[in-house]
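A short worksheet on the structure shown next.
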Protein chains: 4
Amino acid sequence: TPLRTLATRPALSIGGIYPPIATPFTDKEEVDYGKLHENLQKYCSFPFSGFVVQGSNGEYAYLTREERLEVVRRVRQAVPKEKLIMAGSGCESTQATIEMTVEMARSGADVVLVVTPSYYRGKMTSSALVHHYTKVADHSPVPVVLYSVPANTGLDLPVDAVVTLSQHPNIIGLKDSGGDITRIGLIIHKTKHLGFQVLSGSAGFLLAGYSVGAVGGVCALANVLGAQVCELEKLCLNGRWQEAKELQHRLIEPNSAVTRKFGIPGLKQAMDWFGFNGGKCRSPLLPLTEQEIKELRHIFTVNGWLSS
Amino acid sequence: TPLRTLATRPALSIGGIYPPIATPFTDKEEVDYGKLHENLQKYCSFPFSGFVVQGSNGEYAYLTREERLEVVRRVRQAVPKEKLIMAGSGCESTQATIEMTVEMARSGADVVLVVTPSYYRGKMTSSALVHHYTKVADHSPVPVVLYSVPANTGLDLPVDAVVTLSQHPNIIGLKDSGGDITRIGLIIHKTKHLGFQVLSGSAGFLLAGYSVGAVGGVCALANVLGAQVCELEKLCLNGRWQEAKELQHRLIEPNSAVTRKFGIPGLKQAMDWFGFNGGKCRSPLLPLTEQEIKELRHIFTVNGWLSS
Amino acid sequence: TPLRTLATRPALSIGGIYPPIATPFTDKEEVDYGKLHENLQKYCSFPFSGFVVQGSNGEYAYLTREERLEVVRRVRQAVPKEKLIMAGSGCESTQATIEMTVEMARSGADVVLVVTPSYYRGKMTSSALVHHYTKVADHSPVPVVLYSVPANTGLDLPVDAVVTLSQHPNIIGLKDSGGDITRIGLIIHKTKHLGFQVLSGSAGFLLAGYSVGAVGGVCALANVLGAQVCELEKLCLNGRWQEAKELQHRLIEPNSAVTRKFGIPGLKQAMDWFGFNGGKCRSPLLPLTEQEIKELRHIFTVNGWLSS
Amino acid sequence: TPLRTLATRPALSIGGIYPPIATPFTDKEEVDYGKLHENLQKYCSFPFSGFVVQGSNGEYAYLTREERLEVVRRVRQAVPKEKLIMAGSGCESTQATIEMTVEMARSGADVVLVVTPSYYRGKMTSSALVHHYTKVADHSPVPVVLYSVPANTGLDLPVDAVVTLSQHPNIIGLKDSGGDITRIGLIIHKTKHLGFQVLSGSAGFLLAGYSVGAVGGVCALANVLGAQVCELEKLCLNGRWQEAKELQHRLIEPNSAVTRKFGIPGLKQAMDWFGFNGGKCRSPLLPLTEQEIKELRHIFTVNGWLSS
């Protein structure tokens with residue numbers, strides 16, 4: 001491979017808040033593009049930097065290749081140019097990921113977000129992952145953001161792999177959803193001289209992420225409490241840490257509820273409460289039970305986001 | 001759902017040994033159907049009950065939908081009718097799994113092997129999995145075998161889910177690759193009155209599996225040492241436990257080497273040594289390093305299967 | 001260290017079944033030596049090879065140094081000479097383990113069972129463990145049995161460490177409670193030429209253990225169903241595998257119930273039902289709830305060991 | 001139990017930085033009280049709030065009961081009254097923990113730090129742990145700080161148990177060494193109205209801890225870079241987050257090196273380099289290899305703390 005010059009690193013900034021948008025379905029579990037459009041119209045009133053389309057919360061694992069691309073196209077049409085579209089193009093094989101990446105870019109993605117392949121996780125060593133991402137970035141028409149989400153993949157993209165990959169001129173950042181703040185701080189420390197940008201992958205550690213140098217966050221909770229997550233961003237950027245702390249505290253439990261605890265069914269239920277189109281998930285994800293809905297509501301209530 | 005009558009349970013026996021066949025690729029990483037055919041010709045000289053097509057060792061996660069079906073078609077053409085074809089049809093969504101299942105049956109599969117969906121593993125509760133498999137079995141034209149492979153999925157199909165599903169007339173068995181022999185014994189104990197059949201998912205615990213009531217095995221190592229794995233089966237079935245033990249002992253390390261330790265690249269390297277077409281894997285799986293090849297060879301040598 | 005000659009390996013056989021005896025307490029949580037004596041009297045009617053005193057089920061972690069020794073003394077006095085006493089002498093530091101080992105031998109232990117130190121598990125490498133056990137075995141007046149119990153220690157004694165240690169003339173065997181039958185088979189394969197003896201650490205995989213070459217078992221369940229566990233041993237030794245399988249199947253759930261599922265409080269509750277002195281545990285182990293007691297009883301009932 | 005009134009909560013503040021001091025040993029692995037004294041003399045020049053005696057880094061698991069107490073006595077004598085002594089008094093049984101707690105208080109501890117019992121971790125439910133800590137706190141003559149260190153115990157003290165225990169008037173805080181900043185933020189959110197105090201258990205997430213409301217830190221690295229860790233504290237308390245971030249970044253790798261990566265042998269090696277008495281560990285902890293020493297030195301060097 002030829003020597004790459006860092007002078008070619010794109011100046012694209014990915015700082016700010018992104019909701020990893022949910023994919024609404026009809027009762028027959030078909031993608032409901034109308035409801036998606038309505039959600040996006042509402043989201044455009046918040047100061048989001050853009051949208052993550054087909055992060056884990058988008059149920060991308062349940063969409064066909066064609067649906068994945070069509071969703072990106074629709075989002076591109078629905079939102080203003082200045083809203084950055086970061087599209088999840090990760091597949092298990094390198095070749096499929098490259099193809100999906102190219103198609104995503106054609107469909108309107110400004111950036112691709114590439115999850116670690118993980119089915120053969122025992123062999124997904126640093127070398128294998130560096131090889132994979134290098135190939136993808138070499139062929140991608142748009143900048144690449146690495147995506148580590150161990151809760152879903154059982155795999156943490158190793159720090160040394162991230163550091164190596166940060167030198168690739170077409171790899172501009174990392175979305176880290178693991179939440180290990182020590183690791184996040186270390187990655188920022190070892191890559192900041194290259195302008196590498198790290199996004200916190202959850203609202204639960206958004207403040208802590210900013211405190212160690214993250215430039216923003218991809219937050220499931222922003223699908224529900226978009227204004228509040230953006231407010232937390234603003235407090236952090238303006239150094240109002242005391243207020244930020246108060247707000248962060250009130251977001252942790254709701255955030256855990258719509259991610260780890262109740263998953264996408266919980267996220268969509270909460271979206272319904274806050275005026276967005278959540279609705280049901282694709283099977284095999286089950287809707288919440290009555291008891292779970294009560295618990296979820298309680299969590300939003302005790303933190304002051306809903307009345308009981 | 002209507003009451004299902006167990007009288008409808010198909011009499012299909014899945015006892016015996018199955019290699020989960022590897023998928024050969026050309027240098028350009030395209031499926032090499034010619035080499036696949038050659039392997040199958042050779043395998044037909046062993047007393048296998050049939051073939052698992054697109055188990056984890058088939059790199060199914062790296063194949064397109066079309067390739068997955070074409071491989072099943074080619075295998076069906078290449079092997080005699082009496083060899084049972086068990087085809088991996090699992091996908092992440094229930095709907096995609098049903099479609100793939102139907103297509104696999106059309107393409108010649110006698111049985112489908114359905115891996116647990118796992119990307120949203122935090123929500124893959126017993127209820128969700130029972131719901132998923134019930135739907136798939138309801139729509140499958142051929143019998144269904146459950147497939148639990150925690151090393152790849154991070155998820156063990158819960159015992160209570162297996163017991164519930166064993167009552168479905170179109171779910172005839174389980175391939176358990178986790179290797180927890182206590183669990184395997186318990187599942188057999190709780191389902192044997194229904195004629196439910198359990199296959200050990202690895203040659204490493206094939207003898208132990210038989211000792212607690214498994215009816216056979218799906219063994220990566222059978223791609224390499226097919227005669228020996230079938231010999232072990234015969235010793236177990238004939239109650240020659242002492243000889244079985246001796247043989248089992250010599251198969252453990254080679255088996256671990258071509259699975260956990262060196263993965264599919266190790267399996268394919270060993271296939272090359274024993275006269276089959278192994279070759280390289282699809283990216284991101286890397287070939288073995290020189291050092292790894294030496295270690296692999298050493299393991300086959302010290303156990304008496306290769307000269308040094 | 002001088003070259004050790006294997007000719008010095010003691011001929012001591014540790015084959016057979018051992019209950020890892022529970023420690024009865026008074027209402028004030030003091031060791032109840034009277035009740036312990038009663039249990040031992042009853043146990044002596046079963047064909048146990050001996051007794052494990054202060055395995056994990058003996059709540060040894062909750063006993064003082066003096067209590068640990070006194071319990072061994074009392075057991076030695078209560079049971080006939082020919083019953084082998086295997087006493088748990090493991091401590092965190094090498095020095096403390098050596099001292100406890102020497103004292104245990106003085107107190108009547110025929111063999112010591114030495115659990116892996118585990119508090120600093122991140123540094124308990126193969127080298128550290130080989131060093132530890134070598135020192136202990138060098139100083140022990142009686143033969144040493146290694147003890148790997150990952151459910152409690154979070155640490156599996158690595159196979160390579162076991163193989164190295166099997167060459168020490170004063171290390172005669174391993175109690176493996178992890179239940180990975182592939183690992184157990186491999187260890188036996190790699191150490192049998194030295195006469196190294198492996199004991200299954202649970203009744204849940206006792207049959208499977210025998211099938212791959214284990215010489216016996218240390219089974220919590222033998223505190224409750226001693227005759228049945230010994231019967232299973234006999235069936236295995238006599239090659240009556242079909243009957244063995246039937247019996248094994250009915251012991252798995254009760255065994256899991258008194259180990260993994262309900263722990264020592266469950267074991268002691270079941271002991272009470274079968275005429276032994278179980279009673280309460282030392283704090284912080286809590287007694288079972290009413291609901292747990294019901295579930296436990298149900299498990300013994302559906303497997304035919306208690307009437308409902 | 002009687003209703004406890006929160007009015008009785010002691011006003012004791014535990015804010016600030018504490019080194020969890022190492023225990024020096026002689027060549028014969030005996031506690032070297034002289035070298036301990038020398039270390040303390042040097043440490044007293046740093047603005048530490050006090051000292052943690054027999055946290056995990058003190059090799060407490062390798063000390064006898066008598067040594068544990070004697071070390072506390074010596075530390076009490078060596079340091080000024082205003083330096084708070086937080087002594088680790090956790091044992092596996094509740095009774096032993098109470099006794100050790102009482103003795104620690106008699107020996108000069110201002111506060112006890114009580115690690116979660118963990119040997120029977122499968123049964124260490126929230127109820128069991130709440131019961132355990134309540135009993136200990138009821139009997140402790142000095143305030144109790146909870147201690148959760150999953151890397152050593154395999155057990156995270158559950159959030160709901162912490163919240164319940166925070167209501168006990170004699171339980172004043174938590175040392176959390178797990179490093180999950182979302183969890184730490186949540187615990188602070190749910191207990192701050194009671195004046196409950198949380199300490200970060202590592203220098204790796206000290207800044208992030210302060211950002212979400214922790215009051216200080218117990219940092220192994222403070223044994224080596226005491227001034228720098230205290231400087232980081234000051235920057236955080238004074239709201240100089242940008243400088244804090246720069247300093248935090250440079251402390252992450254050295255901190256990981258003396259904890260997770262190289263453990264106590266690494267910590268002691270680094271202490272030697274910085275003018276303190278580190279020396280060797282008790283067996284089974286092995287000294288670093290030459291290669292490990294090089295790596296350790298490299299880590300301190302590239303972060304600017306040592307010249308190469």
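Letters A, B, ... go to the chains of the structure tokens in the order shown; residues in each chain start at 1; ligands are counted from 1 in the same order.
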Residue contacts of segment 134-139 of chain C (12 Å, only C-alpha atoms) excluding same-chain residues fewer than 6 positions away, as a compact mmCIF listing (two decimals) with C-alpha atoms, in the first residue's frame:
```txt
# COMPACT_ATOMS: atom_id res chain seq x y z
CA THR C 1 15.14 -27.99 42.28
CA PRO C 2 16.49 -31.50 41.98
CA ARG C 4 12.24 -35.61 40.58
CA ARG C 9 4.90 -41.17 42.92
CA SER C 89 -6.04 -26.57 52.49
CA GLY C 90 -5.98 -23.79 49.89
CA CYS C 91 -5.37 -20.21 50.99
CA SER C 93 -0.85 -16.93 49.72
CA THR C 94 1.59 -19.71 49.05
CA GLN C 95 2.98 -19.50 52.57
CA ALA C 96 -0.42 -19.73 54.23
CA THR C 97 -1.34 -22.66 51.98
CA ILE C 98 1.83 -24.50 52.95
CA GLU C 99 1.17 -23.94 56.65
CA MET C 100 -2.44 -25.03 56.35
CA THR C 101 -1.39 -28.07 54.32
CA VAL C 102 1.09 -29.19 56.97
CA GLU C 103 -1.48 -28.66 59.71
CA ALA C 105 -1.85 -33.49 57.40
CA VAL C 111 -4.60 -35.99 50.92
CA VAL C 112 -4.93 -32.24 50.54
CA LEU C 113 -7.15 -30.56 47.99
CA VAL C 114 -5.72 -27.20 47.02
CA VAL C 115 -7.97 -24.67 45.37
CA THR C 116 -6.46 -22.11 42.99
CA SER C 126 0.14 -20.51 34.37
CA SER C 127 3.63 -19.65 35.65
CA ALA C 128 2.32 -18.20 38.89
CA VAL C 145 -4.87 -32.86 44.53
CA LEU C 146 -5.32 -29.73 42.42
CA ALA C 161 -0.35 -25.82 34.07
CA VAL C 162 -2.10 -29.07 34.99
CA THR C 164 3.25 -29.49 33.98
CA LEU C 165 2.15 -30.09 37.55
CA SER C 166 1.15 -33.69 36.83
CA GLN C 167 4.86 -34.45 36.64
CA HIS C 168 5.42 -33.53 40.27
CA PRO C 169 5.65 -36.76 42.29
CA ASN C 170 3.54 -35.34 45.10
CA ILE C 171 0.71 -34.06 42.89
CA ILE C 172 -1.52 -37.02 42.18
CA GLY C 173 -4.69 -35.63 40.69
CA SER D 283 3.95 -15.51 46.48
CA PRO D 284 2.07 -16.57 44.32
```
Counting only C-alpha atoms, which residues of chain A sit at most 9 Å from some atom of chain B, and what is each one's closest atom pair with its distance in Å to one decimal, listed by chain and rising residue number, as CSV?
```
residue,atom,partner,partner_atom,distance
A:Ser56,CA,B:Tyr120,CA,8.4
A:Glu59,CA,B:Tyr120,CA,8.8
A:Ala61,CA,B:Glu92,CA,6.2
A:Tyr62,CA,B:Ser93,CA,4.9
A:Leu63,CA,B:Ser93,CA,8.0
A:Thr64,CA,B:Ala96,CA,8.3
A:Cys91,CA,B:Tyr62,CA,8.4
A:Glu92,CA,B:Tyr62,CA,5.9
A:Ser93,CA,B:Tyr62,CA,4.9
A:Thr94,CA,B:Ser283,CA,5.5
A:Gln95,CA,B:Ser283,CA,7.3
A:Ala96,CA,B:Tyr62,CA,7.8
A:Pro117,CA,B:Pro284,CA,8.1
A:Ser118,CA,B:Asn152,CA,7.9
A:Tyr119,CA,B:Asn152,CA,5.3
A:Tyr120,CA,B:Asn152,CA,5.9
A:Arg121,CA,B:Asn152,CA,6.6
A:Gly122,CA,B:Arg260,CA,7.1
A:Lys123,CA,B:Gly263,CA,6.7
A:Met124,CA,B:Leu285,CA,7.4
A:Ser127,CA,B:Leu286,CA,8.3
A:Ala128,CA,B:Pro284,CA,5.7
A:Leu129,CA,B:Pro284,CA,7.0
A:His131,CA,B:Pro284,CA,7.0
A:His132,CA,B:Pro284,CA,5.4
A:Ala151,CA,B:Gly122,CA,7.8
A:Asn152,CA,B:Tyr119,CA,5.3
A:Thr153,CA,B:Tyr119,CA,6.7
A:Gly154,CA,B:Gly154,CA,6.7
A:Arg260,CA,B:Gly122,CA,7.1
A:Lys261,CA,B:Gly122,CA,8.1
A:Phe262,CA,B:Lys123,CA,7.6
A:Gly263,CA,B:Lys123,CA,6.7
A:Ile264,CA,B:Lys123,CA,8.8
A:Arg282,CA,B:Ser93,CA,7.0
A:Ser283,CA,B:Thr94,CA,5.5
A:Pro284,CA,B:His132,CA,5.4
A:Leu285,CA,B:Ala128,CA,6.4
A:Leu286,CA,B:Ala128,CA,6.1
```
- Query: DSSP says alpha helix (DSSP H) for which residues of segment 121-203 of chain D? Put them as JSON, numbers by chain?
  - Reply: {"D": [126, 127, 128, 129, 130, 131, 132, 133, 134, 135, 136, 137, 138, 139, 150, 151, 152, 153, 159, 160, 161, 162, 163, 164, 165, 181, 182, 183, 184, 185, 186, 187, 188, 189, 190, 191]}
- Query: How would you write, as a ChimeraX atom specification, the set of residues in segment 75-193 of chain C that DSSP gives as strand (DSSP E or B)?
  - Reply: /C:84-88,111-115,144-148,171-176,180
- Query: What lies within 8 Å of Ala257 of chain C using only C-alpha atoms, ignoring chain neighbours under 6 positions off, as a PyMOL selection string?
  - Reply: chain C and resi 263+266-267+296+299
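Between atom CA of Asn303 of chain B and atom CA of Lys190 of chain C lies a distance of 10.2 Å.
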- Message: Need to verify the contact set: Ser49 of chain B, 10 Å, only C-alpha atoms, exclusion of same-chain residues closer than 4 positions in sequence. Can you return it as a list of chain:residue names?
- Response: B:Ser13, B:Ile14, B:Gly15, B:Gly16, B:Ile17, B:Tyr18, B:Pro19, B:Cys44, B:Glu82, B:Lys83, B:Leu84, B:Ile85, B:Gly216, B:Gly217, B:Cys230
- Message: So that I can see what lies close to Pro20 of chain C, please list as a list in words the residues with an atom at most 10 Å from it, counting only C-alpha atoms and leaving out residues fewer than 6 positions away in the same chain.
- Response: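 Neighbouring residues, sequence-local ones excluded: Gly50, Phe51, Val52, Val53, Gln54, Gly55, Ser56, Asn57, Gly58, Met86, Ala87, Gly88, Gly201, Ser202, Gly217, Val218, Cys219, Ala220, Leu221, Ala222 and Asn223 of chain C.
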Restricting it to N, CA and C atoms, dump the selection as a PDB file, in the first residue's frame.
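That gives us out.pdb:
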```pdb
ATOM      1  N   GLY C  50     -14.248 -42.000  50.500  1.00  0.00           N
ATOM      2  CA  GLY C  50     -13.803 -41.132  51.577  1.00  0.00           C
ATOM      3  C   GLY C  50     -14.615 -39.857  51.584  1.00  0.00           C
ATOM      4  N   PHE C  51     -14.032 -38.823  52.158  1.00  0.00           N
ATOM      5  CA  PHE C  51     -14.741 -37.564  52.349  1.00  0.00           C
ATOM      6  C   PHE C  51     -13.859 -36.387  51.975  1.00  0.00           C
ATOM      7  N   VAL C  52     -14.471 -35.462  51.250  1.00  0.00           N
ATOM      8  CA  VAL C  52     -13.786 -34.191  51.051  1.00  0.00           C
ATOM      9  C   VAL C  52     -14.232 -33.259  52.165  1.00  0.00           C
ATOM     10  N   VAL C  53     -13.270 -32.819  52.935  1.00  0.00           N
ATOM     11  CA  VAL C  53     -13.565 -31.932  54.052  1.00  0.00           C
ATOM     12  C   VAL C  53     -13.068 -30.537  53.669  1.00  0.00           C
ATOM     13  N   GLN C  54     -14.006 -29.588  53.605  1.00  0.00           N
ATOM     14  CA  GLN C  54     -13.686 -28.223  53.207  1.00  0.00           C
ATOM     15  C   GLN C  54     -13.361 -28.056  51.730  1.00  0.00           C
ATOM     16  N   GLY C  55     -14.163 -28.727  50.941  1.00  0.00           N
ATOM     17  CA  GLY C  55     -14.361 -28.249  49.585  1.00  0.00           C
ATOM     18  C   GLY C  55     -15.271 -27.035  49.687  1.00  0.00           C
ATOM     19  N   SER C  56     -15.641 -26.485  48.541  1.00  0.00           N
ATOM     20  CA  SER C  56     -16.463 -25.268  48.558  1.00  0.00           C
ATOM     21  C   SER C  56     -17.747 -25.471  49.350  1.00  0.00           C
ATOM     22  N   ASN C  57     -18.322 -26.682  49.282  1.00  0.00           N
ATOM     23  CA  ASN C  57     -19.587 -26.921  49.977  1.00  0.00           C
ATOM     24  C   ASN C  57     -19.458 -26.965  51.498  1.00  0.00           C
ATOM     25  N   GLY C  58     -18.243 -27.011  51.989  1.00  0.00           N
ATOM     26  CA  GLY C  58     -18.042 -27.016  53.445  1.00  0.00           C
ATOM     27  C   GLY C  58     -18.012 -25.619  54.033  1.00  0.00           C
ATOM     28  N   MET C  86      -9.793 -36.213  52.300  1.00  0.00           N
ATOM     29  CA  MET C  86      -9.193 -35.240  51.396  1.00  0.00           C
ATOM     30  C   MET C  86      -9.597 -33.868  51.916  1.00  0.00           C
ATOM     31  N   ALA C  87      -8.618 -33.134  52.432  1.00  0.00           N
ATOM     32  CA  ALA C  87      -8.946 -31.894  53.123  1.00  0.00           C
ATOM     33  C   ALA C  87      -8.530 -30.676  52.308  1.00  0.00           C
ATOM     34  N   GLY C  88      -9.438 -29.727  52.215  1.00  0.00           N
ATOM     35  CA  GLY C  88      -9.161 -28.485  51.478  1.00  0.00           C
ATOM     36  C   GLY C  88      -8.224 -27.600  52.274  1.00  0.00           C
ATOM     37  N   GLY C 201     -15.933 -32.935  39.427  1.00  0.00           N
ATOM     38  CA  GLY C 201     -16.276 -32.151  40.605  1.00  0.00           C
ATOM     39  C   GLY C 201     -17.759 -31.987  40.827  1.00  0.00           C
ATOM     40  N   SER C 202     -18.571 -32.791  40.157  1.00  0.00           N
ATOM     41  CA  SER C 202     -20.015 -32.639  40.301  1.00  0.00           C
ATOM     42  C   SER C 202     -20.726 -33.886  39.790  1.00  0.00           C
ATOM     43  N   GLY C 217     -15.605 -39.126  41.531  1.00  0.00           N
ATOM     44  CA  GLY C 217     -16.243 -37.826  41.586  1.00  0.00           C
ATOM     45  C   GLY C 217     -16.366 -37.290  42.998  1.00  0.00           C
ATOM     46  N   VAL C 218     -16.277 -35.995  43.101  1.00  0.00           N
ATOM     47  CA  VAL C 218     -16.567 -35.295  44.344  1.00  0.00           C
ATOM     48  C   VAL C 218     -17.884 -34.579  44.095  1.00  0.00           C
ATOM     49  N   CYS C 219     -18.943 -35.061  44.719  1.00  0.00           N
ATOM     50  CA  CYS C 219     -20.289 -34.689  44.301  1.00  0.00           C
ATOM     51  C   CYS C 219     -21.087 -34.145  45.474  1.00  0.00           C
ATOM     52  N   ALA C 220     -21.436 -32.866  45.420  1.00  0.00           N
ATOM     53  CA  ALA C 220     -22.277 -32.266  46.455  1.00  0.00           C
ATOM     54  C   ALA C 220     -23.520 -33.109  46.679  1.00  0.00           C
ATOM     55  N   LEU C 221     -24.079 -33.594  45.600  1.00  0.00           N
ATOM     56  CA  LEU C 221     -25.320 -34.357  45.686  1.00  0.00           C
ATOM     57  C   LEU C 221     -25.166 -35.634  46.528  1.00  0.00           C
ATOM     58  N   ALA C 222     -23.936 -36.115  46.667  1.00  0.00           N
ATOM     59  CA  ALA C 222     -23.709 -37.313  47.482  1.00  0.00           C
ATOM     60  C   ALA C 222     -23.991 -37.057  48.960  1.00  0.00           C
ATOM     61  N   ASN C 223     -24.063 -35.791  49.356  1.00  0.00           N
ATOM     62  CA  ASN C 223     -24.489 -35.469  50.717  1.00  0.00           C
ATOM     63  C   ASN C 223     -25.968 -35.786  50.927  1.00  0.00           C
TER      64      ASN C 223
END
```
Can you list, as a PDB file with all heavy atoms, in the first residue's frame, every protein, DNA or RNA residue that comes within 10 Å of Glu38 of chain D when you count only C-alpha atoms, leaving out same-chain residues fewer than 5 positions away?
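Just written: around.pdb:
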```pdb
ATOM      1  N   TYR D  33       8.173  -3.392  57.999  1.00  0.00           N
ATOM      2  CA  TYR D  33       7.568  -2.211  58.591  1.00  0.00           C
ATOM      3  C   TYR D  33       8.446  -0.977  58.453  1.00  0.00           C
ATOM      4  O   TYR D  33       7.955   0.144  58.367  1.00  0.00           O
ATOM      5  CB  TYR D  33       7.214  -2.470  60.060  1.00  0.00           C
ATOM      6  CG  TYR D  33       6.137  -3.515  60.222  1.00  0.00           C
ATOM      7  CD1 TYR D  33       6.439  -4.805  60.651  1.00  0.00           C
ATOM      8  CD2 TYR D  33       4.807  -3.220  59.927  1.00  0.00           C
ATOM      9  CE1 TYR D  33       5.449  -5.770  60.785  1.00  0.00           C
ATOM     10  CE2 TYR D  33       3.805  -4.190  60.054  1.00  0.00           C
ATOM     11  CZ  TYR D  33       4.130  -5.459  60.481  1.00  0.00           C
ATOM     12  OH  TYR D  33       3.145  -6.411  60.610  1.00  0.00           O
ATOM     13  N   TYR D  43       5.126  10.067  51.595  1.00  0.00           N
ATOM     14  CA  TYR D  43       3.756  10.351  51.141  1.00  0.00           C
ATOM     15  C   TYR D  43       3.168  11.549  51.884  1.00  0.00           C
ATOM     16  O   TYR D  43       2.294  12.236  51.374  1.00  0.00           O
ATOM     17  CB  TYR D  43       2.854   9.132  51.358  1.00  0.00           C
ATOM     18  CG  TYR D  43       3.099   7.991  50.394  1.00  0.00           C
ATOM     19  CD1 TYR D  43       2.833   6.668  50.763  1.00  0.00           C
ATOM     20  CD2 TYR D  43       3.577   8.214  49.095  1.00  0.00           C
ATOM     21  CE1 TYR D  43       3.035   5.611  49.878  1.00  0.00           C
ATOM     22  CE2 TYR D  43       3.790   7.160  48.216  1.00  0.00           C
ATOM     23  CZ  TYR D  43       3.517   5.865  48.611  1.00  0.00           C
ATOM     24  OH  TYR D  43       3.721   4.829  47.738  1.00  0.00           O
ATOM     25  N   ALA D  78       2.498   6.452  62.098  1.00  0.00           N
ATOM     26  CA  ALA D  78       3.427   7.147  61.211  1.00  0.00           C
ATOM     27  C   ALA D  78       2.869   8.431  60.619  1.00  0.00           C
ATOM     28  O   ALA D  78       3.635   9.292  60.199  1.00  0.00           O
ATOM     29  CB  ALA D  78       3.849   6.209  60.077  1.00  0.00           C
ATOM     30  N   PHE D 276      10.248   5.263  45.991  1.00  0.00           N
ATOM     31  CA  PHE D 276       9.558   4.629  47.114  1.00  0.00           C
ATOM     32  C   PHE D 276      10.023   3.186  47.244  1.00  0.00           C
ATOM     33  O   PHE D 276      10.693   2.656  46.358  1.00  0.00           O
ATOM     34  CB  PHE D 276       8.044   4.705  46.896  1.00  0.00           C
ATOM     35  CG  PHE D 276       7.563   6.102  46.669  1.00  0.00           C
ATOM     36  CD1 PHE D 276       7.286   6.564  45.378  1.00  0.00           C
ATOM     37  CD2 PHE D 276       7.431   6.992  47.737  1.00  0.00           C
ATOM     38  CE1 PHE D 276       6.885   7.875  45.157  1.00  0.00           C
ATOM     39  CE2 PHE D 276       7.021   8.302  47.517  1.00  0.00           C
ATOM     40  CZ  PHE D 276       6.745   8.744  46.230  1.00  0.00           C
ATOM     41  N   ASN D 277       9.675   2.559  48.351  1.00  0.00           N
ATOM     42  CA  ASN D 277      10.028   1.166  48.544  1.00  0.00           C
ATOM     43  C   ASN D 277       8.932   0.270  47.989  1.00  0.00           C
ATOM     44  O   ASN D 277       7.877   0.123  48.595  1.00  0.00           O
ATOM     45  CB  ASN D 277      10.201   0.859  50.033  1.00  0.00           C
ATOM     46  CG  ASN D 277      11.353   1.617  50.647  1.00  0.00           C
ATOM     47  OD1 ASN D 277      12.467   1.607  50.114  1.00  0.00           O
ATOM     48  ND2 ASN D 277      11.094   2.297  51.764  1.00  0.00           N
TER      49      ASN D 277
END
```
- If you measure from atom CA of Arg183 of chain B to atom CA of Val258 of chain B, what distance in Å do you get, rounded to one decimal? 23.8 Å
- Show which residues sit within 12 Å of Ser308 of chain B, as JSON, numbers by chain. Count only C-alpha atoms, and ignore same-chain residues fewer than 3 positions away. {"B": [273, 294, 295, 296, 297, 298, 299, 300, 301, 302, 303, 304, 305]}
- Task: Rank B:Leu306, B:Met271, B:Val198, B:Leu232 by their smallest atom-to-atom distance to Lys245 of chain B, using only C-alpha atoms, and report the top residue only.
- Result: B:Leu232
